[in-house]
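Student: Provided below: upload.tsv, containing TSV, C-alpha atoms.
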```tsv
chain	number	residue	atom	x	y	z
E	15	MET	CA	101.86	74.35	75.95
E	16	PRO	CA	101.76	72.20	79.13
E	17	ILE	CA	98.59	71.88	81.14
E	18	LYS	CA	98.96	73.77	84.42
E	19	LEU	CA	97.64	72.96	87.89
E	20	PHE	CA	97.63	75.41	90.78
E	21	VAL	CA	98.30	73.87	94.20
E	22	LEU	CA	98.06	75.59	97.57
E	23	ALA	CA	99.30	73.62	100.58
E	24	GLY	CA	100.24	76.13	103.27
E	25	GLU	CA	101.35	73.76	106.04
E	26	VAL	CA	103.86	70.95	106.42
E	27	SER	CA	101.13	68.31	106.65
E	28	GLY	CA	99.37	69.79	103.62
E	29	ASP	CA	102.61	69.66	101.63
E	30	LEU	CA	102.94	65.97	102.49
E	31	HIS	CA	99.34	65.15	101.56
E	32	ALA	CA	99.47	67.18	98.35
E	33	ALA	CA	102.76	65.59	97.31
E	34	GLY	CA	101.24	62.11	97.56
E	35	VAL	CA	98.52	63.14	95.12
E	36	ILE	CA	100.82	65.03	92.74
E	37	SER	CA	103.24	62.11	92.66
E	38	GLU	CA	100.41	59.84	91.48
E	39	LEU	CA	99.17	62.47	89.02
E	40	LEU	CA	102.60	62.89	87.41
E	41	LYS	CA	102.86	59.15	86.84
E	42	ALA	CA	99.79	59.38	84.64
E	43	GLU	CA	100.33	62.90	83.26
E	44	PRO	CA	104.10	63.63	83.41
E	45	ASP	CA	103.85	66.85	81.39
E	46	ILE	CA	101.56	68.68	83.81
E	47	ARG	CA	103.15	71.80	85.31
E	48	VAL	CA	102.40	72.42	88.98
E	49	PHE	CA	102.81	75.83	90.66
E	50	GLY	CA	101.62	77.61	93.81
E	51	ILE	CA	102.48	77.24	97.50
E	52	GLY	CA	103.99	74.15	99.09
E	53	GLY	CA	107.05	72.76	100.83
E	54	GLU	CA	109.99	70.50	100.29
E	55	LYS	CA	107.89	67.50	99.21
E	56	LEU	CA	106.19	69.38	96.37
E	57	ARG	CA	109.44	71.11	95.39
E	58	THR	CA	111.12	67.72	95.03
E	59	LEU	CA	108.39	66.75	92.56
E	60	GLY	CA	109.21	69.79	90.44
E	61	ALA	CA	106.48	72.17	91.61
E	62	GLU	CA	107.28	75.85	91.06
E	63	LEU	CA	106.68	77.46	94.46
E	64	LEU	CA	105.85	81.13	94.79
E	65	TYR	CA	105.99	80.82	98.58
E	66	ASP	CA	107.15	78.05	100.89
E	67	THR	CA	105.15	76.49	103.73
E	68	ALA	CA	107.85	77.72	106.14
E	69	GLN	CA	106.82	81.29	105.30
E	70	MET	CA	103.14	80.49	105.85
E	71	SER	CA	103.45	79.19	109.42
E	72	ILE	CA	101.02	81.77	110.78
E	73	MET	CA	98.38	80.74	113.28
E	74	GLY	CA	96.00	82.35	115.73
E	75	PHE	CA	94.02	85.56	115.42
E	76	VAL	CA	96.76	87.76	116.83
E	77	ASP	CA	99.48	86.33	114.58
E	78	VAL	CA	97.33	86.81	111.48
E	79	LEU	CA	96.89	90.50	112.37
E	80	LYS	CA	100.63	90.92	112.88
E	81	HIS	CA	101.34	89.48	109.43
E	82	SER	CA	98.47	91.16	107.58
E	83	LEU	CA	100.76	93.12	105.22
E	84	PHE	CA	102.68	89.97	104.30
E	85	LEU	CA	99.47	88.03	103.70
E	86	ARG	CA	98.10	90.76	101.46
E	87	ARG	CA	101.29	90.55	99.38
E	88	VAL	CA	100.92	86.76	99.13
E	89	PHE	CA	97.33	87.05	97.88
E	90	ARG	CA	98.36	89.69	95.34
E	91	ASP	CA	101.26	87.59	94.04
E	92	LEU	CA	99.16	84.44	93.81
E	93	LYS	CA	96.39	86.17	91.90
E	94	GLU	CA	98.86	87.73	89.46
E	95	ALA	CA	100.46	84.32	88.86
E	96	VAL	CA	97.07	82.67	88.28
E	97	ARG	CA	96.01	85.33	85.76
E	98	ARG	CA	99.35	84.96	83.98
E	99	GLU	CA	99.59	81.14	84.00
E	100	LYS	CA	95.89	80.32	83.49
E	101	PRO	CA	95.80	76.92	85.26
E	102	ARG	CA	93.24	74.35	84.14
E	103	ALA	CA	92.22	73.64	87.78
E	104	ALA	CA	93.04	74.55	91.39
E	105	PHE	CA	93.92	71.91	93.97
E	106	LEU	CA	93.56	73.37	97.47
E	107	VAL	CA	94.70	71.39	100.51
E	108	ASP	CA	93.51	72.25	104.03
E	109	TYR	CA	94.68	75.77	105.16
E	110	PRO	CA	91.17	77.28	105.00
E	111	GLY	CA	92.00	80.87	105.96
E	112	MET	CA	93.80	81.36	102.66
E	113	ASN	CA	92.28	78.61	100.55
E	114	LEU	CA	88.67	79.74	100.90
E	115	VAL	CA	89.65	83.25	99.79
E	116	MET	CA	91.48	81.79	96.80
E	117	ALA	CA	88.52	79.48	96.06
E	118	ARG	CA	86.31	82.52	95.53
E	119	PHE	CA	88.90	84.05	93.21
E	120	PHE	CA	89.11	80.85	91.13
E	121	HIS	CA	85.33	80.60	91.01
E	122	GLU	CA	85.09	84.13	89.62
E	123	LEU	CA	87.60	83.17	86.91
E	124	GLY	CA	85.68	79.99	86.06
E	125	ILE	CA	88.54	77.73	87.16
E	126	PRO	CA	87.29	74.54	88.90
E	127	VAL	CA	88.31	74.10	92.55
E	128	ILE	CA	89.07	70.70	94.06
E	129	TYR	CA	89.41	70.97	97.84
E	130	TYR	CA	91.15	68.20	99.77
E	131	VAL	CA	91.05	68.01	103.60
E	132	SER	CA	87.97	70.04	104.33
E	133	PRO	CA	87.95	73.06	106.65
E	134	GLN	CA	86.85	71.81	110.07
E	135	VAL	CA	83.59	73.75	109.96
E	136	TRP	CA	82.03	71.05	112.13
E	137	ALA	CA	84.23	72.37	114.96
E	138	TRP	CA	84.05	76.12	114.41
E	139	LYS	CA	83.29	78.81	111.84
E	140	GLU	CA	80.30	76.88	110.52
E	141	GLY	CA	79.43	79.95	108.47
E	142	ARG	CA	82.18	78.89	106.08
E	143	VAL	CA	79.86	76.24	104.65
E	144	LYS	CA	78.29	78.97	102.52
E	145	ALA	CA	81.63	79.66	100.85
E	146	ILE	CA	82.24	75.93	100.42
E	147	ARG	CA	78.84	75.44	98.78
E	148	ARG	CA	79.32	78.41	96.48
E	149	TYR	CA	82.96	78.24	95.43
E	150	ILE	CA	84.16	74.61	95.62
E	151	ASP	CA	83.46	72.16	92.81
E	152	ARG	CA	84.66	68.95	94.51
E	153	LEU	CA	85.00	68.56	98.26
E	154	LEU	CA	87.14	65.57	99.26
E	155	VAL	CA	86.95	64.75	102.97
E	156	ILE	CA	89.13	62.54	105.16
E	157	PHE	CA	86.70	61.66	107.96
E	158	ASP	CA	83.64	59.52	107.38
E	159	PHE	CA	81.41	61.63	109.65
E	160	GLU	CA	82.01	64.69	107.45
E	161	VAL	CA	79.89	63.28	104.64
E	162	ASP	CA	76.72	63.43	106.77
E	163	PHE	CA	77.65	66.83	108.18
E	164	PHE	CA	78.01	68.40	104.76
E	165	ARG	CA	74.93	66.62	103.43
E	166	ARG	CA	72.93	68.44	106.09
E	167	HIS	CA	74.27	71.65	104.56
E	168	ARG	CA	73.35	70.58	101.01
E	169	ILE	CA	76.97	69.92	100.02
E	170	ASN	CA	78.04	66.71	98.31
E	171	ALA	CA	81.28	65.65	100.04
E	172	GLU	CA	83.25	62.56	99.01
E	173	PHE	CA	85.04	60.46	101.64
E	174	VAL	CA	88.39	59.42	100.19
E	175	GLY	CA	90.08	57.97	103.28
E	176	HIS	CA	92.74	59.57	105.43
E	177	PRO	CA	96.13	60.28	103.85
E	178	VAL	CA	97.97	59.52	107.08
E	179	ILE	CA	96.89	55.87	106.85
E	180	GLU	CA	98.27	55.69	103.32
E	181	GLU	CA	101.53	57.43	104.26
E	182	LEU	CA	102.10	55.16	107.25
E	183	ALA	CA	101.54	52.05	105.13
E	184	GLU	CA	104.70	52.97	103.21
E	185	LEU	CA	106.71	53.61	106.37
E	186	SER	CA	109.39	51.15	107.41
E	187	LEU	CA	110.84	51.51	110.90
E	188	PRO	CA	113.18	49.14	112.76
E	189	SER	CA	111.99	47.14	115.76
E	190	LYS	CA	111.87	48.76	119.17
E	191	GLU	CA	114.73	46.53	120.30
E	192	SER	CA	116.84	47.69	117.37
E	193	PHE	CA	115.99	51.34	118.04
E	194	THR	CA	116.80	51.21	121.76
E	195	GLY	CA	119.98	49.24	121.10
E	196	SER	CA	121.22	51.77	118.53
E	197	HIS	CA	120.75	54.57	121.07
E	198	GLY	CA	122.23	52.70	124.01
E	199	ILE	CA	118.92	52.62	125.91
E	200	GLN	CA	118.90	50.00	128.65
E	201	PRO	CA	116.11	47.36	128.86
E	202	GLY	CA	113.31	48.37	131.21
E	203	THR	CA	113.73	52.08	130.49
E	204	ARG	CA	110.46	53.95	129.94
E	205	LEU	CA	110.25	55.85	126.66
E	206	VAL	CA	108.19	59.03	126.84
E	207	GLY	CA	107.53	60.96	123.64
E	208	LEU	CA	107.50	64.73	123.42
E	209	LEU	CA	105.68	66.19	120.40
E	210	PRO	CA	105.50	69.96	121.03
E	211	GLY	CA	104.23	70.94	117.59
E	212	SER	CA	105.67	72.14	114.31
E	213	ARG	CA	105.18	75.90	114.66
E	214	LYS	CA	107.36	78.29	116.64
E	215	GLN	CA	104.28	79.71	118.37
E	216	GLU	CA	103.29	76.25	119.58
E	217	LEU	CA	106.77	75.49	120.87
E	218	SER	CA	106.96	78.73	122.83
E	219	HIS	CA	103.70	77.99	124.68
E	220	ILE	CA	103.81	74.19	124.97
E	221	LEU	CA	107.39	72.90	125.10
E	222	PRO	CA	108.17	74.54	128.49
E	223	GLU	CA	105.23	72.73	130.12
E	224	LEU	CA	106.14	69.41	128.49
E	225	LEU	CA	109.66	69.77	129.88
E	226	LYS	CA	108.36	70.53	133.36
E	227	ALA	CA	106.32	67.34	133.19
E	228	ALA	CA	109.35	65.48	131.82
E	229	ARG	CA	111.45	66.52	134.80
E	230	LEU	CA	108.78	65.22	137.18
E	231	LEU	CA	108.57	61.94	135.25
E	232	ASN	CA	112.35	61.66	135.35
E	233	ARG	CA	112.27	61.77	139.15
E	234	LYS	CA	109.70	58.95	139.35
E	235	TYR	CA	110.83	56.57	136.59
E	236	ARG	CA	113.90	55.57	134.66
E	237	VAL	CA	113.08	57.50	131.50
E	238	VAL	CA	114.50	58.39	128.13
E	239	PHE	CA	112.60	61.14	126.33
E	240	LEU	CA	112.07	61.00	122.57
E	241	LEU	CA	111.76	64.52	121.20
E	242	GLY	CA	110.08	64.93	117.84
E	243	ARG	CA	111.78	67.94	116.30
E	244	ALA	CA	110.20	69.66	113.32
E	245	PRO	CA	112.84	69.52	110.55
E	246	HIS	CA	111.96	72.99	109.22
E	247	LEU	CA	112.57	74.73	112.57
E	248	ASP	CA	116.08	75.84	113.50
E	249	ALA	CA	117.91	75.06	116.74
E	250	ALA	CA	116.90	78.39	118.26
E	251	ALA	CA	113.28	77.19	118.48
E	252	TYR	CA	114.47	74.49	120.90
E	253	SER	CA	116.91	76.64	122.90
E	254	ILE	CA	114.98	75.96	126.13
E	255	MET	CA	116.35	72.40	126.03
E	256	LYS	CA	119.63	73.75	127.42
E	257	GLU	CA	117.86	74.34	130.73
E	258	TYR	CA	116.98	70.64	130.98
E	259	SER	CA	120.40	69.03	130.63
E	260	ASP	CA	119.45	66.66	133.48
E	261	LEU	CA	117.08	64.84	131.10
E	262	THR	CA	118.18	62.12	128.69
E	263	VAL	CA	116.72	63.19	125.35
E	264	VAL	CA	116.97	61.48	121.97
E	265	ASN	CA	116.09	63.68	118.99
E	266	CYS	CA	113.77	61.76	116.65
E	267	ALA	CA	111.49	62.07	113.71
E	268	ALA	CA	107.88	62.40	114.84
E	269	TYR	CA	106.95	58.93	113.55
E	270	GLU	CA	109.77	57.39	115.57
E	271	VAL	CA	108.32	59.03	118.68
E	272	MET	CA	104.91	57.55	117.93
E	273	GLN	CA	106.29	54.11	117.13
E	274	TYR	CA	108.49	53.59	120.17
E	275	SER	CA	107.01	55.62	123.05
E	276	ASP	CA	105.23	53.99	125.97
E	277	VAL	CA	103.26	57.22	126.24
E	278	ALA	CA	103.48	60.38	124.17
E	279	LEU	CA	102.76	63.97	125.20
E	280	VAL	CA	101.26	65.38	122.02
E	281	THR	CA	100.28	68.88	120.92
E	282	SER	CA	96.71	68.94	119.67
E	283	GLY	CA	96.48	68.83	115.88
E	284	THR	CA	97.18	66.34	113.13
E	285	ALA	CA	99.85	64.75	115.33
E	286	THR	CA	97.18	63.32	117.65
E	287	LEU	CA	95.63	61.49	114.70
E	288	GLU	CA	99.02	60.22	113.55
E	289	THR	CA	99.78	59.03	117.08
E	290	LEU	CA	96.39	57.28	117.10
E	291	CYS	CA	97.41	55.40	113.95
E	292	PHE	CA	100.40	53.94	115.80
E	293	GLY	CA	98.17	52.89	118.70
E	294	CYS	CA	100.42	54.89	121.02
E	295	PRO	CA	98.85	55.94	124.35
E	296	MET	CA	98.96	59.72	124.64
E	297	VAL	CA	98.16	62.81	126.63
E	298	VAL	CA	97.00	65.63	124.37
E	299	VAL	CA	97.96	69.18	125.35
E	300	TYR	CA	97.33	72.62	123.95
E	301	ARG	CA	98.24	76.13	125.06
E	302	THR	CA	98.12	79.41	123.19
E	303	GLY	CA	98.16	83.13	123.94
E	304	ALA	CA	95.46	84.39	126.29
E	305	LEU	CA	93.69	86.44	123.61
E	306	ASN	CA	93.76	83.62	121.05
E	307	TYR	CA	92.35	81.24	123.65
E	308	MET	CA	89.60	83.64	124.71
E	309	ILE	CA	88.47	84.15	121.10
E	310	GLY	CA	88.80	80.46	120.23
E	311	ARG	CA	86.80	79.33	123.25
E	312	ARG	CA	83.88	81.44	122.09
E	313	LEU	CA	83.99	80.00	118.59
E	314	VAL	CA	84.74	76.29	119.10
E	315	LYS	CA	81.53	74.41	119.83
E	316	LEU	CA	82.87	70.89	120.39
E	317	LYS	CA	83.36	69.29	123.79
E	318	ASN	CA	86.69	67.77	122.70
E	319	ILE	CA	89.33	69.42	120.54
E	320	ALA	CA	91.75	66.52	119.95
E	321	LEU	CA	91.23	64.82	116.59
E	322	ALA	CA	92.03	61.51	118.25
E	323	ASN	CA	89.00	61.92	120.55
E	324	ILE	CA	86.68	63.38	117.91
E	325	VAL	CA	87.33	60.53	115.50
E	326	ALA	CA	87.32	57.80	118.15
E	327	LYS	CA	84.27	58.94	120.10
E	328	GLY	CA	82.17	61.00	117.69
E	329	LEU	CA	81.76	64.60	116.69
E	330	LEU	CA	79.54	65.74	119.54
E	331	SER	CA	80.58	63.24	122.22
E	332	SER	CA	82.03	64.35	125.55
E	333	GLU	CA	83.70	60.94	126.04
E	334	ARG	CA	87.44	60.64	125.53
E	335	ALA	CA	89.72	57.89	124.28
E	336	VAL	CA	92.75	59.84	125.53
E	337	PRO	CA	93.10	62.66	128.08
E	338	GLU	CA	93.33	66.19	126.74
E	339	LEU	CA	94.58	69.19	128.71
E	340	ILE	CA	93.81	72.66	127.39
E	341	GLN	CA	95.26	76.05	128.32
E	342	HIS	CA	95.64	76.40	132.12
E	343	GLU	CA	95.16	72.63	132.57
E	344	ALA	CA	98.12	72.00	130.26
E	345	ASN	CA	100.69	72.56	132.99
E	346	GLY	CA	103.69	70.46	133.99
E	347	PRO	CA	102.23	68.84	137.14
E	348	GLU	CA	98.91	67.89	135.47
E	349	ILE	CA	100.61	66.54	132.36
E	350	PHE	CA	102.86	64.50	134.67
E	351	ARG	CA	99.84	63.17	136.57
E	352	GLN	CA	98.01	62.04	133.44
E	353	ALA	CA	101.12	60.43	131.93
E	354	SER	CA	101.87	58.63	135.20
E	355	MET	CA	98.39	57.10	135.25
E	356	ILE	CA	99.10	55.50	131.87
E	357	LEU	CA	102.62	54.38	132.79
E	358	ASP	CA	101.39	52.90	136.09
E	359	SER	CA	98.52	50.95	134.54
E	360	PRO	CA	99.36	48.38	131.83
E	361	ASP	CA	95.64	47.59	131.53
E	362	LEU	CA	94.79	51.24	130.83
E	363	ALA	CA	97.60	51.52	128.28
E	364	ALA	CA	96.52	48.29	126.53
E	365	SER	CA	92.87	49.37	126.42
E	366	MET	CA	93.87	52.72	124.96
E	367	ARG	CA	96.00	51.03	122.30
E	368	ARG	CA	93.13	48.73	121.26
E	369	GLU	CA	90.66	51.58	120.87
E	370	LEU	CA	93.10	53.75	118.92
E	371	LEU	CA	93.98	50.97	116.49
E	372	ALA	CA	90.31	50.08	115.96
E	373	THR	CA	89.66	53.73	115.10
E	374	ARG	CA	92.57	53.72	112.65
E	375	ASP	CA	91.06	50.75	110.82
E	376	ARG	CA	87.81	52.66	110.40
E	377	LEU	CA	89.62	55.56	108.72
E	378	ALA	CA	91.43	53.42	106.19
E	379	GLY	CA	90.59	53.99	102.55
E	380	ALA	CA	91.82	52.58	99.27
E	381	SER	CA	94.78	54.85	98.42
E	382	PRO	CA	93.35	58.37	98.65
E	383	SER	CA	96.28	59.78	96.65
E	384	HIS	CA	95.54	57.52	93.70
E	385	LYS	CA	91.81	58.25	93.95
E	386	ILE	CA	92.30	62.03	94.09
E	387	ALA	CA	94.85	62.02	91.26
E	388	ALA	CA	92.18	60.36	89.09
E	389	ILE	CA	89.70	63.08	90.08
E	390	LEU	CA	92.21	65.79	89.15
E	391	GLN	CA	92.73	64.15	85.76
E	392	GLU	CA	89.04	64.65	85.04
E	393	TYR	CA	89.53	68.42	85.32
E	394	LEU	CA	92.84	68.55	83.46
E	395	GLN	CA	91.67	66.99	80.19
```
Now that the file is in, can you turn its structure into structure tokens?
Tutor:
Amino acid sequence: MPIKLFVLAGEVSGDLHAAGVISELLKAEPDIRVFGIGGEKLRTLGAELLYDTAQMSIMGFVDVLKHSLFLRRVFRDLKEAVRREKPRAAFLVDYPGMNLVMARFFHELGIPVIYYVSPQVWAWKEGRVKAIRRYIDRLLVIFDFEVDFFRRHRINAEFVGHPVIEELAELSLPSKESFTGSHGIQPGTRLVGLLPGSRKQELSHILPELLKAARLLNRKYRVVFLLGRAPHLDAAAYSIMKEYSDLTVVNCAAYEVMQYSDVALVTSGTATLETLCFGCPMVVVYRTGALNYMIGRRLVKLKNIALANIVAKGLLSSERAVPELIQHEANGPEIFRQASMILDSPDLAASMRRELLATRDRLAGASPSHKIAAILQEYLQ
């Protein structure tokens, strides 16, 4: 009977990070059977998925309430599968709302829990540290400052390096000259990246404001806009683009946006950290529903919300490496103003690039996927 490993990666980024680890694990232990929740990356590796990440794209307090019946069904199905399959260990990646609930369930069954990409309890919901201390056997963190934070809470966290650094090291993109030439972009044209997020809720709140800013930029500069479209979202999610036919837009993968843009307009989240790794100057934006924002503002205790700023400047710092515009400040004219300041000042853009790249070097680790696969092997013997 094959040894079984449960994996829960409820978001696109989690699927990517988990797949890197599982790929390494299967090289060493090819007979291990993986099942749980993931996306296309894990499916390609042969994981048996009970639910897909596309179904789990639920965010914000209001959205969770709307989908409460669905989420209850997911928990029920997962627990039934775990009791039936009896995995040797559970590998949980990010996605704390569901993963911490499942961690308790595994703990009660005596199944060890390895948690990768810690819940951001240093930003909000610090009360979750009690569940982490009680139910998680190995906590693997991706930011160096998290080790000290968890130590203060009597939790032994292990810094393994950031998976984005590892993933980008394997990336091969053509030169900027080759890219612009293949798209017929004339020399001297400014390239402005648009990264509106990977969830439909984010697009509905953020993409309209990015496009308003884009139209203002288009009037001031000769611009081509590079739009990072989430591959799992259908064309309907981007239907607003029809209203902006006056803009020259090239549809790109997110990493192409980060590689080639002179400045990128980036939705707060993992994408800001990825953009940091490319050394791409950026303006971070975030908008959500009024109720979600009101609740979140009461809970989040940090002065900055962008990962790029938190990692570059420190957990409790109010200084910023890149501008961030939240809620009512994340409007077309203000986004335009901040982007223009970067485009108009080569010195500012160069300084920003240097600081972002220096921060990236600090996050680098020795192949987190290989390191974590070895840790998993310890629990699968």
Student: Counting only C-alpha atoms, what is within 12 Å of range 238-241 of chain E, bar same-chain residues fewer than 4 positions away, as a compact mmCIF listing (two decimals) with C-alpha atoms, keeping the file's coordinate frame?
Tutor:
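Result saved to part_10.txt:
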```
# COMPACT_ATOMS: atom_id res chain seq x y z
CA PHE E 193 115.99 51.34 118.04
CA THR E 194 116.80 51.21 121.76
CA HIS E 197 120.75 54.57 121.07
CA GLY E 198 122.23 52.70 124.01
CA ILE E 199 118.92 52.62 125.91
CA GLN E 200 118.90 50.00 128.65
CA PRO E 201 116.11 47.36 128.86
CA GLY E 202 113.31 48.37 131.21
CA THR E 203 113.73 52.08 130.49
CA ARG E 204 110.46 53.95 129.94
CA LEU E 205 110.25 55.85 126.66
CA VAL E 206 108.19 59.03 126.84
CA GLY E 207 107.53 60.96 123.64
CA LEU E 208 107.50 64.73 123.42
CA LEU E 209 105.68 66.19 120.40
CA PRO E 210 105.50 69.96 121.03
CA GLY E 211 104.23 70.94 117.59
CA SER E 212 105.67 72.14 114.31
CA LEU E 221 107.39 72.90 125.10
CA LEU E 224 106.14 69.41 128.49
CA LEU E 225 109.66 69.77 129.88
CA ALA E 227 106.32 67.34 133.19
CA ALA E 228 109.35 65.48 131.82
CA ARG E 229 111.45 66.52 134.80
CA LEU E 231 108.57 61.94 135.25
CA ASN E 232 112.35 61.66 135.35
CA ARG E 233 112.27 61.77 139.15
CA PRO E 245 112.84 69.52 110.55
CA TYR E 252 114.47 74.49 120.90
CA MET E 255 116.35 72.40 126.03
CA TYR E 258 116.98 70.64 130.98
CA SER E 259 120.40 69.03 130.63
CA ASP E 260 119.45 66.66 133.48
CA LEU E 261 117.08 64.84 131.10
CA THR E 262 118.18 62.12 128.69
CA VAL E 263 116.72 63.19 125.35
CA VAL E 264 116.97 61.48 121.97
CA ASN E 265 116.09 63.68 118.99
CA CYS E 266 113.77 61.76 116.65
CA ALA E 267 111.49 62.07 113.71
CA ALA E 268 107.88 62.40 114.84
CA TYR E 269 106.95 58.93 113.55
CA GLU E 270 109.77 57.39 115.57
CA VAL E 271 108.32 59.03 118.68
CA MET E 272 104.91 57.55 117.93
CA GLN E 273 106.29 54.11 117.13
CA TYR E 274 108.49 53.59 120.17
CA SER E 275 107.01 55.62 123.05
CA ASP E 276 105.23 53.99 125.97
CA VAL E 277 103.26 57.22 126.24
CA ALA E 278 103.48 60.38 124.17
CA LEU E 279 102.76 63.97 125.20
CA VAL E 280 101.26 65.38 122.02
```
Student: Considering only C-alpha atoms, return as a PDB file with C-alpha atoms, in the frame of the given file whatever protein or nucleic-acid residues lie within 10 Å of Ile169 in chain E, sequence-local ones (same chain, fewer than 5 positions apart) excluded.
Tutor:
```
ATOM      1  CA  VAL E 143      79.860  76.240 104.650  1.00  0.00           C
ATOM      2  CA  LYS E 144      78.290  78.970 102.520  1.00  0.00           C
ATOM      3  CA  ILE E 146      82.240  75.930 100.420  1.00  0.00           C
ATOM      4  CA  ARG E 147      78.840  75.440  98.780  1.00  0.00           C
ATOM      5  CA  ARG E 148      79.320  78.410  96.480  1.00  0.00           C
ATOM      6  CA  ILE E 150      84.160  74.610  95.620  1.00  0.00           C
ATOM      7  CA  ASP E 151      83.460  72.160  92.810  1.00  0.00           C
ATOM      8  CA  ARG E 152      84.660  68.950  94.510  1.00  0.00           C
ATOM      9  CA  LEU E 153      85.000  68.560  98.260  1.00  0.00           C
ATOM     10  CA  VAL E 161      79.890  63.280 104.640  1.00  0.00           C
ATOM     11  CA  ASP E 162      76.720  63.430 106.770  1.00  0.00           C
ATOM     12  CA  PHE E 163      77.650  66.830 108.180  1.00  0.00           C
ATOM     13  CA  PHE E 164      78.010  68.400 104.760  1.00  0.00           C
TER      14      PHE E 164
END
```
Student: To one decimal in Å, tell me the separation between CA of Met116 in chain E and CA of Ile46 in chain E.
Tutor: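 Distance reported for this atom pair: 21.0 Å.
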Student: At what distance in Å, to one decimal, does CA of Gly50 in chain E lie from CA of Leu92 in chain E?
Tutor: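 Those two atoms sit 7.3 Å apart.
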Student: Quick one: pull the distance between CA of Glu288 in chain E and CA of Glu181 in chain E, Å, one decimal.
Tutor: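 Computing it gives 10.0 Å between the two atoms.
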Student: Choose the residue, out of E:Leu182, E:Leu330, E:Ala344, E:Ala250, that has the smallest atom-to-atom separation from Pro222 in chain E; count all atoms listed in the file.
Tutor: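 Closest to Pro222 in chain E of all the choices is E:Ala344.
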Student: Would you list the residues near (97.6, 53.1, 117.3) (no more than 10 Å away, in the coordinates of the file, using only C-alpha atoms) as a CSV table (one decimal) with C-alpha atoms, keeping the file's coordinate frame?
Tutor:
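Okay, this is what ended up in point_29.csv:
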```
chain,number,residue,atom,x,y,z
E,272,MET,CA,104.9,57.6,117.9
E,273,GLN,CA,106.3,54.1,117.1
E,287,LEU,CA,95.6,61.5,114.7
E,288,GLU,CA,99.0,60.2,113.6
E,289,THR,CA,99.8,59.0,117.1
E,290,LEU,CA,96.4,57.3,117.1
E,291,CYS,CA,97.4,55.4,114.0
E,292,PHE,CA,100.4,53.9,115.8
E,293,GLY,CA,98.2,52.9,118.7
E,294,CYS,CA,100.4,54.9,121.0
E,295,PRO,CA,98.8,55.9,124.4
E,296,MET,CA,99.0,59.7,124.6
E,366,MET,CA,93.9,52.7,125.0
E,367,ARG,CA,96.0,51.0,122.3
E,368,ARG,CA,93.1,48.7,121.3
E,369,GLU,CA,90.7,51.6,120.9
E,370,LEU,CA,93.1,53.8,118.9
E,371,LEU,CA,94.0,51.0,116.5
E,372,ALA,CA,90.3,50.1,116.0
E,373,THR,CA,89.7,53.7,115.1
E,374,ARG,CA,92.6,53.7,112.6
E,375,ASP,CA,91.1,50.8,110.8
```
Student: Restricting the calculation to only C-alpha atoms: of E:Ala42, E:Val155, E:Ala387, E:Leu30, which residue gets closest to Thr58 in chain E?
Tutor: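 Of E:Ala42, E:Val155, E:Ala387, E:Leu30, the one nearest Thr58 in chain E, counting only C-alpha atoms, is E:Leu30.
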Student: Restricting the calculation to all atoms listed in the file: of E:Ile324, E:Ile51, E:Leu217, E:Ala137, which residue gets closest to Leu106 in chain E?
Tutor: E:Ile51
